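Q: One file: data_8.cif (mmCIF, C-alpha atoms).
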```
data_my_file
#
loop_
_atom_site.label_atom_id
_atom_site.label_comp_id
_atom_site.auth_asym_id
_atom_site.auth_seq_id
_atom_site.Cartn_x
_atom_site.Cartn_y
_atom_site.Cartn_z
CA MET A 1 9.23 0.36 23.31
CA THR A 2 12.26 1.49 21.35
CA LYS A 3 14.03 2.76 24.46
CA SER A 4 15.00 -0.74 25.55
CA ILE A 5 16.82 -1.43 22.29
CA PRO A 6 20.37 -0.11 22.16
CA GLU A 7 21.25 2.37 19.42
CA GLU A 8 23.58 0.03 17.50
CA MET A 9 20.98 -2.72 17.60
CA LYS A 10 18.32 -0.37 16.20
CA LEU A 11 20.59 0.61 13.34
CA GLU A 12 21.45 -3.01 12.66
CA LEU A 13 17.77 -4.01 12.60
CA ILE A 14 16.83 -1.15 10.31
CA SER A 15 19.76 -1.77 8.02
CA LYS A 16 18.92 -5.47 7.75
CA ALA A 17 15.24 -4.76 7.15
CA TYR A 18 16.11 -2.21 4.47
CA ASP A 19 18.48 -4.62 2.73
CA ASN A 20 15.79 -7.30 2.75
CA TYR A 21 12.72 -5.26 1.84
CA GLY A 22 13.77 -1.73 0.86
CA VAL A 23 13.75 -2.32 -2.89
CA SER A 24 10.43 -4.19 -2.79
CA LEU A 25 8.87 -1.45 -0.69
CA PHE A 26 10.15 1.25 -3.01
CA ARG A 27 8.74 -0.55 -6.06
CA LEU A 28 5.41 -1.03 -4.34
CA ALA A 29 5.35 2.63 -3.30
CA MET A 30 6.21 3.68 -6.85
CA MET A 31 3.27 1.66 -8.14
CA TYR A 32 1.03 3.61 -5.77
CA MET A 33 2.55 7.06 -5.81
CA GLY A 34 3.98 7.14 -9.32
CA ASN A 35 6.79 9.52 -8.43
CA LYS A 36 10.14 9.05 -6.80
CA SER A 37 9.99 11.62 -4.02
CA ASP A 38 6.57 10.52 -2.73
CA ALA A 39 7.62 6.88 -2.98
CA GLU A 40 10.78 7.63 -0.97
CA ASP A 41 8.72 9.50 1.62
CA ALA A 42 6.37 6.53 1.88
CA VAL A 43 9.25 4.09 2.44
CA HIS A 44 10.71 6.49 5.02
CA ASP A 45 7.35 6.56 6.85
CA VAL A 46 7.19 2.77 6.79
CA PHE A 47 10.53 2.59 8.58
CA VAL A 48 9.48 5.27 11.06
CA ARG A 49 6.48 3.08 11.95
CA TYR A 50 8.82 0.11 12.21
CA MET A 51 11.05 2.09 14.59
CA MET A 52 8.12 3.25 16.69
CA ARG A 53 6.67 -0.23 17.12
CA MET A 54 9.61 -2.58 16.71
CA PRO A 55 7.19 -5.48 16.17
CA GLN A 56 8.19 -9.08 16.77
CA PHE A 57 7.77 -11.36 13.76
CA LYS A 58 7.16 -15.09 13.56
CA ASP A 59 9.42 -15.48 10.55
CA GLU A 60 10.72 -13.64 7.49
CA THR A 61 7.49 -14.19 5.55
CA HIS A 62 5.52 -12.57 8.34
CA GLU A 63 8.04 -9.75 8.53
CA LYS A 64 7.90 -9.03 4.79
CA ALA A 65 4.09 -9.19 4.80
CA TRP A 66 4.03 -6.65 7.66
CA PHE A 67 6.26 -4.27 5.73
CA MET A 68 4.19 -4.63 2.56
CA ARG A 69 0.94 -4.10 4.47
CA VAL A 70 2.26 -1.00 6.23
CA CYS A 71 3.62 0.36 2.94
CA ILE A 72 0.18 -0.06 1.34
CA ASN A 73 -1.47 1.75 4.28
CA VAL A 74 1.07 4.57 4.21
CA CYS A 75 0.64 5.04 0.45
CA LYS A 76 -3.15 5.00 0.74
CA ASP A 77 -3.02 7.62 3.51
CA LYS A 78 -0.73 9.80 1.42
CA LEU A 79 -2.95 9.51 -1.63
CA LYS A 80 -5.97 10.42 0.50
CA SER A 81 -4.24 13.46 1.92
CA PHE A 82 -3.04 14.55 -1.53
CA ALA A 83 -6.54 13.99 -2.89
CA MET A 84 -4.87 12.52 -5.96
CA LYS A 85 -7.29 11.18 -8.50
CA SER A 86 -4.69 9.97 -10.95
CA VAL A 87 -1.08 9.06 -10.59
CA PRO A 88 1.55 10.91 -12.64
CA ILE A 89 3.91 8.41 -14.17
CA ASP A 90 6.72 10.66 -15.42
CA ASP A 91 9.08 9.49 -12.69
CA VAL A 92 8.23 5.86 -13.31
CA LEU A 93 9.17 6.29 -16.93
CA ASN A 94 12.66 7.46 -15.92
CA TYR A 95 13.43 3.91 -14.91
CA VAL A 96 12.66 2.40 -18.28
CA SER A 97 13.97 2.98 -21.74
CA THR A 98 12.28 0.75 -24.28
CA ASP A 99 8.88 1.41 -25.81
CA ASN A 100 7.67 -1.97 -24.59
CA ASP A 101 8.52 -1.11 -20.98
CA ILE A 102 6.92 2.31 -21.24
CA SER A 103 3.75 0.83 -22.65
CA MET A 104 3.70 -1.86 -19.94
CA PHE A 105 3.98 0.83 -17.25
CA GLU A 106 1.27 2.90 -18.84
CA HIS A 107 -1.03 -0.10 -18.88
CA LEU A 108 -0.20 -0.95 -15.27
CA MET A 109 -0.63 2.57 -13.98
CA GLY A 110 -3.88 2.80 -15.89
CA LEU A 111 -5.36 0.10 -13.68
CA SER A 112 -7.32 1.15 -10.64
CA GLU A 113 -5.40 1.12 -7.35
CA GLU A 114 -6.95 -2.11 -6.07
CA TYR A 115 -6.16 -3.99 -9.29
CA ARG A 116 -2.66 -2.54 -9.56
CA VAL A 117 -1.61 -3.63 -6.11
CA VAL A 118 -2.88 -7.18 -6.60
CA VAL A 119 -1.05 -7.46 -9.92
CA HIS A 120 2.12 -6.10 -8.30
CA LEU A 121 2.01 -8.48 -5.36
CA LYS A 122 1.32 -11.42 -7.65
CA TYR A 123 3.68 -10.82 -10.54
CA VAL A 124 6.48 -8.75 -9.05
CA GLU A 125 6.63 -10.06 -5.49
CA GLY A 126 5.48 -13.56 -6.44
CA TYR A 127 2.97 -13.91 -3.60
CA SER A 128 0.34 -16.63 -3.75
CA ILE A 129 -3.38 -15.83 -3.77
CA SER A 130 -3.64 -16.87 -0.12
CA GLU A 131 -0.69 -14.65 0.90
CA ILE A 132 -2.11 -11.66 -0.98
CA SER A 133 -5.46 -12.18 0.72
CA LYS A 134 -3.73 -12.01 4.10
CA ILE A 135 -1.69 -8.93 3.22
CA LEU A 136 -4.72 -7.06 1.90
CA SER A 137 -7.16 -8.48 4.48
CA VAL A 138 -9.61 -9.62 1.82
CA THR A 139 -10.87 -13.08 0.89
CA GLU A 140 -9.05 -15.28 -1.59
CA SER A 141 -12.04 -15.06 -3.94
CA THR A 142 -11.73 -11.28 -3.93
CA VAL A 143 -8.05 -11.52 -4.81
CA LYS A 144 -8.82 -13.95 -7.64
CA LEU A 145 -11.60 -11.75 -8.94
CA ARG A 146 -9.43 -8.63 -8.83
CA LEU A 147 -6.59 -10.43 -10.59
CA PHE A 148 -8.97 -11.81 -13.18
CA ARG A 149 -10.45 -8.38 -13.87
CA ALA A 150 -7.05 -6.70 -13.87
CA ARG A 151 -5.77 -9.19 -16.40
CA GLU A 152 -8.85 -8.80 -18.54
CA GLN A 153 -8.43 -5.04 -18.47
CA LEU A 154 -4.73 -5.28 -19.29
CA LYS A 155 -5.48 -7.67 -22.14
CA ARG A 156 -8.19 -5.37 -23.51
CA ASN A 157 -5.98 -2.28 -23.27
CA MET A 158 -3.03 -4.04 -24.88
CA GLU A 159 -5.17 -5.27 -27.73
CA GLU A 160 -6.59 -1.78 -28.26
CA VAL A 161 -3.09 -0.31 -28.46
CA LYS A 162 -2.02 -3.08 -30.83
CA ALA A 163 -4.99 -2.30 -33.05
CA TYR A 164 -3.92 1.33 -33.34
CA VAL A 165 -0.28 0.55 -34.14
CA MET B 1 -30.26 -13.47 -18.62
CA PHE B 2 -32.02 -16.02 -16.43
CA ASP B 3 -31.92 -19.40 -17.97
CA GLY B 4 -35.40 -20.89 -18.30
CA PHE B 5 -37.36 -17.84 -17.15
CA ASP B 6 -40.28 -17.25 -19.49
CA GLY B 7 -41.76 -14.18 -17.81
CA LYS B 8 -44.51 -16.05 -15.93
CA ILE B 9 -44.61 -16.03 -12.14
CA PRO B 10 -43.41 -19.50 -11.20
CA SER B 11 -45.14 -21.75 -8.70
CA GLU B 12 -43.26 -22.50 -5.46
CA PHE B 13 -41.96 -25.73 -6.89
CA GLU B 14 -40.88 -24.08 -10.10
CA TYR B 15 -39.48 -21.15 -8.15
CA ASN B 16 -37.21 -23.50 -6.23
CA LYS B 17 -36.19 -25.04 -9.51
CA PHE B 18 -35.55 -21.56 -10.88
CA ILE B 19 -33.39 -20.59 -7.88
CA THR B 20 -31.42 -23.80 -8.24
CA LYS B 21 -30.88 -23.05 -11.88
CA SER B 22 -29.84 -19.51 -11.06
CA ASP B 23 -27.38 -20.75 -8.43
CA ASP B 24 -25.98 -23.18 -10.95
CA ALA B 25 -25.58 -20.35 -13.39
CA ASN B 26 -23.75 -18.30 -10.76
CA LYS B 27 -21.52 -21.22 -9.96
CA LYS B 28 -20.82 -21.58 -13.66
CA VAL B 29 -19.82 -17.90 -13.90
CA LYS B 30 -17.57 -18.21 -10.85
CA LYS B 31 -16.09 -21.41 -12.19
CA THR B 32 -15.39 -19.68 -15.50
CA ILE B 33 -13.60 -16.87 -13.67
CA PHE B 34 -11.47 -19.21 -11.62
CA ASP B 35 -10.84 -21.64 -14.45
CA SER B 36 -9.72 -18.86 -16.71
CA PHE B 37 -7.32 -17.99 -13.94
CA ASP B 38 -4.95 -20.25 -15.74
CA GLU B 39 -1.39 -19.33 -14.92
CA SER B 40 -0.06 -21.44 -17.73
CA SER B 41 -1.96 -19.66 -20.51
CA GLU B 42 0.17 -17.81 -23.04
CA PHE B 43 -1.21 -14.41 -22.08
CA SER B 44 -0.74 -14.99 -18.34
CA GLU B 45 2.83 -16.06 -18.85
CA MET B 46 3.55 -13.11 -21.11
CA LEU B 47 1.94 -10.76 -18.61
CA ALA B 48 3.79 -12.20 -15.63
CA ASN B 49 7.13 -12.02 -17.42
CA GLY B 50 6.48 -8.57 -18.84
CA ILE B 51 5.38 -7.03 -15.55
CA GLU B 52 8.15 -8.66 -13.55
CA TYR B 53 10.81 -7.67 -16.09
CA THR B 54 9.59 -4.08 -16.33
CA VAL B 55 8.82 -3.28 -12.71
CA LYS B 56 12.06 -4.82 -11.50
CA LYS B 57 13.88 -2.06 -13.35
CA ILE B 58 12.73 0.30 -10.62
CA GLU B 59 15.51 0.64 -8.09
CA PRO B 60 15.74 3.20 -5.29
CA ASP B 61 18.72 5.55 -5.13
CA ASP B 62 21.48 4.67 -2.66
CA SER B 63 20.60 7.86 -0.76
CA LEU B 64 17.32 6.28 0.38
CA LYS B 65 19.16 3.84 2.61
CA GLU B 66 21.08 6.74 4.17
CA LYS B 67 17.80 8.55 4.87
CA ILE B 68 16.36 5.42 6.45
CA LEU B 69 19.42 4.81 8.59
CA ALA B 70 19.23 8.39 9.84
CA ILE B 71 15.77 7.77 11.34
CA PRO B 72 16.90 6.59 14.82
CA GLY B 73 19.13 9.65 15.23
CA GLU B 74 16.38 11.97 13.99
CA MET B 75 13.86 10.43 16.34
CA ASP B 76 16.18 10.62 19.33
CA SER B 77 17.03 14.24 18.67
CA TYR B 78 13.34 15.02 18.09
CA TYR B 79 12.34 13.56 21.45
CA ALA B 80 15.36 15.07 23.19
CA ASN B 81 14.52 18.49 21.74
CA ALA B 82 10.87 18.13 22.63
CA ILE B 83 11.80 17.50 26.25
CA ARG B 84 14.58 20.07 26.22
CA ARG B 85 12.31 22.65 24.66
CA LYS B 86 10.17 22.92 27.81
CA PRO B 87 11.77 21.70 31.00
CA LEU B 88 9.35 21.51 33.93
CA SER B 89 11.07 24.30 35.86
CA GLU B 90 10.77 26.59 32.84
CA LEU B 91 7.12 25.68 32.42
CA PHE B 92 6.52 26.43 36.09
CA GLU B 93 8.28 29.79 35.82
CA GLU B 94 6.19 30.67 32.78
CA TRP B 95 3.03 29.69 34.56
CA ALA B 96 3.98 31.66 37.69
CA LYS B 97 4.78 34.70 35.58
CA SER B 98 1.50 34.49 33.70
CA MET B 99 -0.38 34.21 37.00
CA SER B 100 1.47 37.20 38.34
CA ASP B 101 0.72 39.19 35.16
CA GLN B 102 -2.95 38.29 35.44
CA LYS B 103 -2.95 39.40 39.05
CA GLN B 104 -1.35 42.69 38.06
CA ILE B 105 -3.97 43.22 35.38
CA PHE B 106 -6.73 42.27 37.81
CA LEU B 107 -5.47 44.64 40.49
CA SER B 108 -4.92 47.46 38.06
CA GLU B 109 -8.43 47.09 36.65
CA PRO B 110 -11.03 49.13 38.53
CA LEU B 111 -13.79 46.91 39.87
CA ILE B 112 -16.50 49.30 38.79
CA LYS B 113 -15.96 51.34 35.70
#
```
Reformat the file's structure so that it appears as structure tokens.
A:
Amino acid sequence: MTKSIPEEMKLELISKAYDNYGVSLFRLAMMYMGNKSDAEDAVHDVFVRYMMRMPQFKDETHEKAWFMRVCINVCKDKLKSFAMKSVPIDDVLNYVSTDNDISMFEHLMGLSEEYRVVVHLKYVEGYSISEISKILSVTESTVKLRLFRAREQLKRNMEEVKAYV
Amino acid sequence: MFDGFDGKIPSEFEYNKFITKSDDANKKVKKTIFDSFDESSEFSEMLANGIEYTVKKIEPDDSLKEKILAIPGEMDSYYANAIRRKPLSELFEEWAKSMSDQKQIFLSEPLIK
């Protein structure tokens, strides 16, 4: 598959894809893996899969959705192989400085994986419910329910913290 | 829990009524979930802004792009090495040698000990 694409073209395609989606993929991987080196490995693996398959996309939306979907799969596989029950967030905290940010990250990372990814796709990537349902291969109702529950949990946790302060 | 259920076993007619009521109740719960999915509420807005603002502070190092751009070269050299590692002639030689060794062992072994 990749043999028919000249070397310069491959590099150009990868470079363009990285410029378009690299940061989003890294953020998504960080939300899953919680540490920089595993997140970087995940993004690397996503691009290896891209290289191996060189899929054809209908448009940029389709292309981005493919990258996000593959990133989610790669992260899930890695988490399975690591047998990680909880995600360490020390590396995530290196990116933020204020107490508000730290507390927001702690709340986010405290969500279960399925809630966290829906919240990320909705609030960080700005995907609609219908787009998230396609990326995650679940129904729109499931996405709404997960978002609803995630928000409820976040609200509850934030209120609990506020009560202690 | 079930609206209108008094503990008695309902007749078929009442049962249908009960199911209808139960379905309505379910619909009401679902409606509540989806109605409360109000993007314009103060909390939703605060949450959306807070999450977006915080998570967008995560940026990969510049070195990640270099690692990604090195993938085609790494893959090419991997496949080239994999092929180079065992050329067919070498594989054949190895096989011939192993057959010859086996024959030697076989011939040197007494048939009846």
Q: Evaluate the PyMOL selection byres ((chain B and resi 71) around 10) against this structure - the residues, as a PyMOL selection string, please.
A: (chain A and resi 10-11+14+44-45+47-48+51) or (chain B and resi 66-70+72-77)
Q: Print the selection's residues with C-alpha atoms to a file, as an mmCIF file, in the coordinates of the input.
A:
```cif
data_model
loop_
_atom_site.group_PDB
_atom_site.id
_atom_site.type_symbol
_atom_site.label_atom_id
_atom_site.label_comp_id
_atom_site.auth_asym_id
_atom_site.auth_seq_id
_atom_site.Cartn_x
_atom_site.Cartn_y
_atom_site.Cartn_z
ATOM 1 C CA LYS A 10 18.320 -0.370 16.200
ATOM 2 C CA LEU A 11 20.590 0.610 13.340
ATOM 3 C CA ILE A 14 16.830 -1.150 10.310
ATOM 4 C CA HIS A 44 10.710 6.490 5.020
ATOM 5 C CA ASP A 45 7.350 6.560 6.850
ATOM 6 C CA PHE A 47 10.530 2.590 8.580
ATOM 7 C CA VAL A 48 9.480 5.270 11.060
ATOM 8 C CA MET A 51 11.050 2.090 14.590
ATOM 9 C CA GLU B 66 21.080 6.740 4.170
ATOM 10 C CA LYS B 67 17.800 8.550 4.870
ATOM 11 C CA ILE B 68 16.360 5.420 6.450
ATOM 12 C CA LEU B 69 19.420 4.810 8.590
ATOM 13 C CA ALA B 70 19.230 8.390 9.840
ATOM 14 C CA PRO B 72 16.900 6.590 14.820
ATOM 15 C CA GLY B 73 19.130 9.650 15.230
ATOM 16 C CA GLU B 74 16.380 11.970 13.990
ATOM 17 C CA MET B 75 13.860 10.430 16.340
ATOM 18 C CA ASP B 76 16.180 10.620 19.330
ATOM 19 C CA SER B 77 17.030 14.240 18.670
#
```
Q: With a cut-off of 6 Å and counting only C-alpha atoms, select all residues of chain B in contact with chain A and give the selection as a PyMOL selection string.
A: chain B and resi 48+52+54+58+68
Q: Counting all atoms listed in the file, find the residues whose atoms lie at most 12 Å from (-12.4, -7.4, -6.1) (file coordinates) and write them out as a list in words.
A: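 Answer for this query, in the requested form: Ser112, Glu113, Glu114, Tyr115, Arg116, Val117, Val118, Val119, Ser133, Leu136, Ser137, Val138, Thr139, Glu140, Ser141, Thr142, Val143, Lys144, Leu145, Arg146, Leu147, Phe148, Arg149 and Ala150 of chain A.
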Q: Name the residues that the PyMOL selection byres ((chain A and resi 135) around 8) picks from the file above, as a ChimeraX atom specification, using the file's chain letters and numbers.
A: /A:65-66,68-69,131-134,136-137
Q: Just C-alpha atoms for this one: save the residues we selected as a compact mmCIF listing (two decimals), keeping the file's coordinate frame.
A:
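Saved to selection_11.txt:
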```
# COMPACT_ATOMS: atom_id res chain seq x y z
CA ALA A 65 4.09 -9.19 4.80
CA TRP A 66 4.03 -6.65 7.66
CA MET A 68 4.19 -4.63 2.56
CA ARG A 69 0.94 -4.10 4.47
CA GLU A 131 -0.69 -14.65 0.90
CA ILE A 132 -2.11 -11.66 -0.98
CA SER A 133 -5.46 -12.18 0.72
CA LYS A 134 -3.73 -12.01 4.10
CA LEU A 136 -4.72 -7.06 1.90
CA SER A 137 -7.16 -8.48 4.48
```
Q: How far is it from atom CA of A:Gln56 to atom CA of A:Ile72, in Å with one decimal?
A: 19.6 Å
Q: Choose the residue, out of A:Asp38, A:Asp99, A:Glu152, A:Glu160, that has the smallest atom-to-atom separation from A:Lys76; count all atoms listed in the file.
A: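 Residue with the minimum atom-to-atom distance to A:Lys76: A:Asp38.
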Q: Rounded to one decimal in Å, what is the spacing between atom CA of A:Phe67 and atom CA of A:Arg49?
A: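 Separation of atom CA of A:Phe67 and atom CA of A:Arg49: 9.6 Å.
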Q: Just how far from atom CA of A:Ser37 is atom CA of A:Leu79, in Å to one decimal?
A: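 Atom-to-atom, atom CA of A:Leu79 and atom CA of A:Ser37 are spaced 13.3 Å apart.
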Q: Complete stretch 23-34 of chain A with all heavy atoms (output as an mmCIF file, keeping the file's coordinate frame).
A:
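Done, and the output landed in result-v6.cif:
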```cif
data_model
loop_
_atom_site.group_PDB
_atom_site.id
_atom_site.type_symbol
_atom_site.label_atom_id
_atom_site.label_comp_id
_atom_site.auth_asym_id
_atom_site.auth_seq_id
_atom_site.Cartn_x
_atom_site.Cartn_y
_atom_site.Cartn_z
ATOM 1 N N VAL A 23 14.016 -2.428 -1.445
ATOM 2 C CA VAL A 23 13.750 -2.320 -2.890
ATOM 3 C C VAL A 23 12.299 -2.687 -3.186
ATOM 4 O O VAL A 23 11.608 -1.986 -3.937
ATOM 5 C CB VAL A 23 14.738 -3.218 -3.680
ATOM 6 C CG1 VAL A 23 14.412 -3.181 -5.159
ATOM 7 C CG2 VAL A 23 16.171 -2.777 -3.446
ATOM 8 N N SER A 24 11.824 -3.772 -2.566
ATOM 9 C CA SER A 24 10.430 -4.190 -2.790
ATOM 10 C C SER A 24 9.459 -3.101 -2.354
ATOM 11 O O SER A 24 8.476 -2.822 -3.040
ATOM 12 C CB SER A 24 10.115 -5.450 -1.984
ATOM 13 O OG SER A 24 10.871 -6.523 -2.446
ATOM 14 N N LEU A 25 9.758 -2.492 -1.205
ATOM 15 C CA LEU A 25 8.870 -1.450 -0.690
ATOM 16 C C LEU A 25 8.877 -0.238 -1.613
ATOM 17 O O LEU A 25 7.839 0.366 -1.867
ATOM 18 C CB LEU A 25 9.294 -1.036 0.725
ATOM 19 C CG LEU A 25 9.130 -2.092 1.805
ATOM 20 C CD1 LEU A 25 9.730 -1.614 3.118
ATOM 21 C CD2 LEU A 25 7.661 -2.435 2.018
ATOM 22 N N PHE A 26 10.063 0.091 -2.113
ATOM 23 C CA PHE A 26 10.150 1.250 -3.010
ATOM 24 C C PHE A 26 9.360 0.994 -4.289
ATOM 25 O O PHE A 26 8.632 1.869 -4.759
ATOM 26 C CB PHE A 26 11.631 1.540 -3.325
ATOM 27 C CG PHE A 26 11.816 2.727 -4.228
ATOM 28 C CD1 PHE A 26 11.593 4.013 -3.762
ATOM 29 C CD2 PHE A 26 12.206 2.561 -5.554
ATOM 30 C CE1 PHE A 26 11.747 5.117 -4.601
ATOM 31 C CE2 PHE A 26 12.370 3.649 -6.388
ATOM 32 C CZ PHE A 26 12.145 4.935 -5.920
ATOM 33 N N ARG A 27 9.492 -0.213 -4.829
ATOM 34 C CA ARG A 27 8.740 -0.550 -6.060
ATOM 35 C C ARG A 27 7.236 -0.485 -5.800
ATOM 36 O O ARG A 27 6.487 0.050 -6.611
ATOM 37 C CB ARG A 27 9.099 -1.960 -6.531
ATOM 38 C CG ARG A 27 10.420 -2.008 -7.228
ATOM 39 C CD ARG A 27 10.758 -3.422 -7.639
ATOM 40 N NE ARG A 27 12.118 -3.479 -8.119
ATOM 41 C CZ ARG A 27 12.928 -4.516 -7.951
ATOM 42 N NH1 ARG A 27 12.522 -5.578 -7.306
ATOM 43 N NH2 ARG A 27 14.152 -4.490 -8.432
ATOM 44 N N LEU A 28 6.838 -1.038 -4.683
ATOM 45 C CA LEU A 28 5.410 -1.030 -4.340
ATOM 46 C C LEU A 28 4.920 0.413 -4.188
ATOM 47 O O LEU A 28 3.856 0.782 -4.697
ATOM 48 C CB LEU A 28 5.182 -1.813 -3.043
ATOM 49 C CG LEU A 28 3.755 -1.946 -2.543
ATOM 50 C CD1 LEU A 28 2.868 -2.660 -3.561
ATOM 51 C CD2 LEU A 28 3.697 -2.710 -1.220
ATOM 52 N N ALA A 29 5.726 1.222 -3.496
ATOM 53 C CA ALA A 29 5.350 2.630 -3.300
ATOM 54 C C ALA A 29 5.305 3.374 -4.624
ATOM 55 O O ALA A 29 4.442 4.222 -4.836
ATOM 56 C CB ALA A 29 6.324 3.298 -2.334
ATOM 57 N N MET A 30 6.221 3.028 -5.531
ATOM 58 C CA MET A 30 6.210 3.680 -6.850
ATOM 59 C C MET A 30 4.934 3.322 -7.607
ATOM 60 O O MET A 30 4.385 4.148 -8.326
ATOM 61 C CB MET A 30 7.422 3.225 -7.677
ATOM 62 C CG MET A 30 8.707 3.956 -7.364
ATOM 63 S SD MET A 30 8.655 5.724 -7.747
ATOM 64 C CE MET A 30 8.946 5.713 -9.492
ATOM 65 N N MET A 31 4.489 2.075 -7.440
ATOM 66 C CA MET A 31 3.270 1.660 -8.140
ATOM 67 C C MET A 31 2.056 2.421 -7.605
ATOM 68 O O MET A 31 1.083 2.609 -8.311
ATOM 69 C CB MET A 31 3.019 0.151 -7.958
ATOM 70 C CG MET A 31 4.050 -0.730 -8.600
ATOM 71 S SD MET A 31 4.323 -0.373 -10.343
ATOM 72 C CE MET A 31 2.862 -1.033 -11.069
ATOM 73 N N TYR A 32 2.126 2.822 -6.343
ATOM 74 C CA TYR A 32 1.030 3.610 -5.770
ATOM 75 C C TYR A 32 1.175 5.085 -6.086
ATOM 76 O O TYR A 32 0.246 5.722 -6.553
ATOM 77 C CB TYR A 32 1.005 3.442 -4.242
ATOM 78 C CG TYR A 32 0.036 2.394 -3.760
ATOM 79 C CD1 TYR A 32 0.477 1.132 -3.418
ATOM 80 C CD2 TYR A 32 -1.313 2.673 -3.642
ATOM 81 C CE1 TYR A 32 -0.402 0.158 -2.976
ATOM 82 C CE2 TYR A 32 -2.204 1.710 -3.204
ATOM 83 C CZ TYR A 32 -1.747 0.463 -2.868
ATOM 84 O OH TYR A 32 -2.621 -0.492 -2.439
ATOM 85 N N MET A 33 2.377 5.615 -5.779
ATOM 86 C CA MET A 33 2.550 7.060 -5.810
ATOM 87 C C MET A 33 2.934 7.585 -7.204
ATOM 88 O O MET A 33 2.640 8.713 -7.536
ATOM 89 C CB MET A 33 3.626 7.504 -4.805
ATOM 90 C CG MET A 33 3.461 6.945 -3.397
ATOM 91 S SD MET A 33 1.851 7.246 -2.643
ATOM 92 C CE MET A 33 1.830 9.005 -2.486
ATOM 93 N N GLY A 34 3.634 6.764 -7.953
ATOM 94 C CA GLY A 34 3.980 7.140 -9.320
ATOM 95 C C GLY A 34 5.143 8.113 -9.433
ATOM 96 O O GLY A 34 5.591 8.389 -10.535
#
```
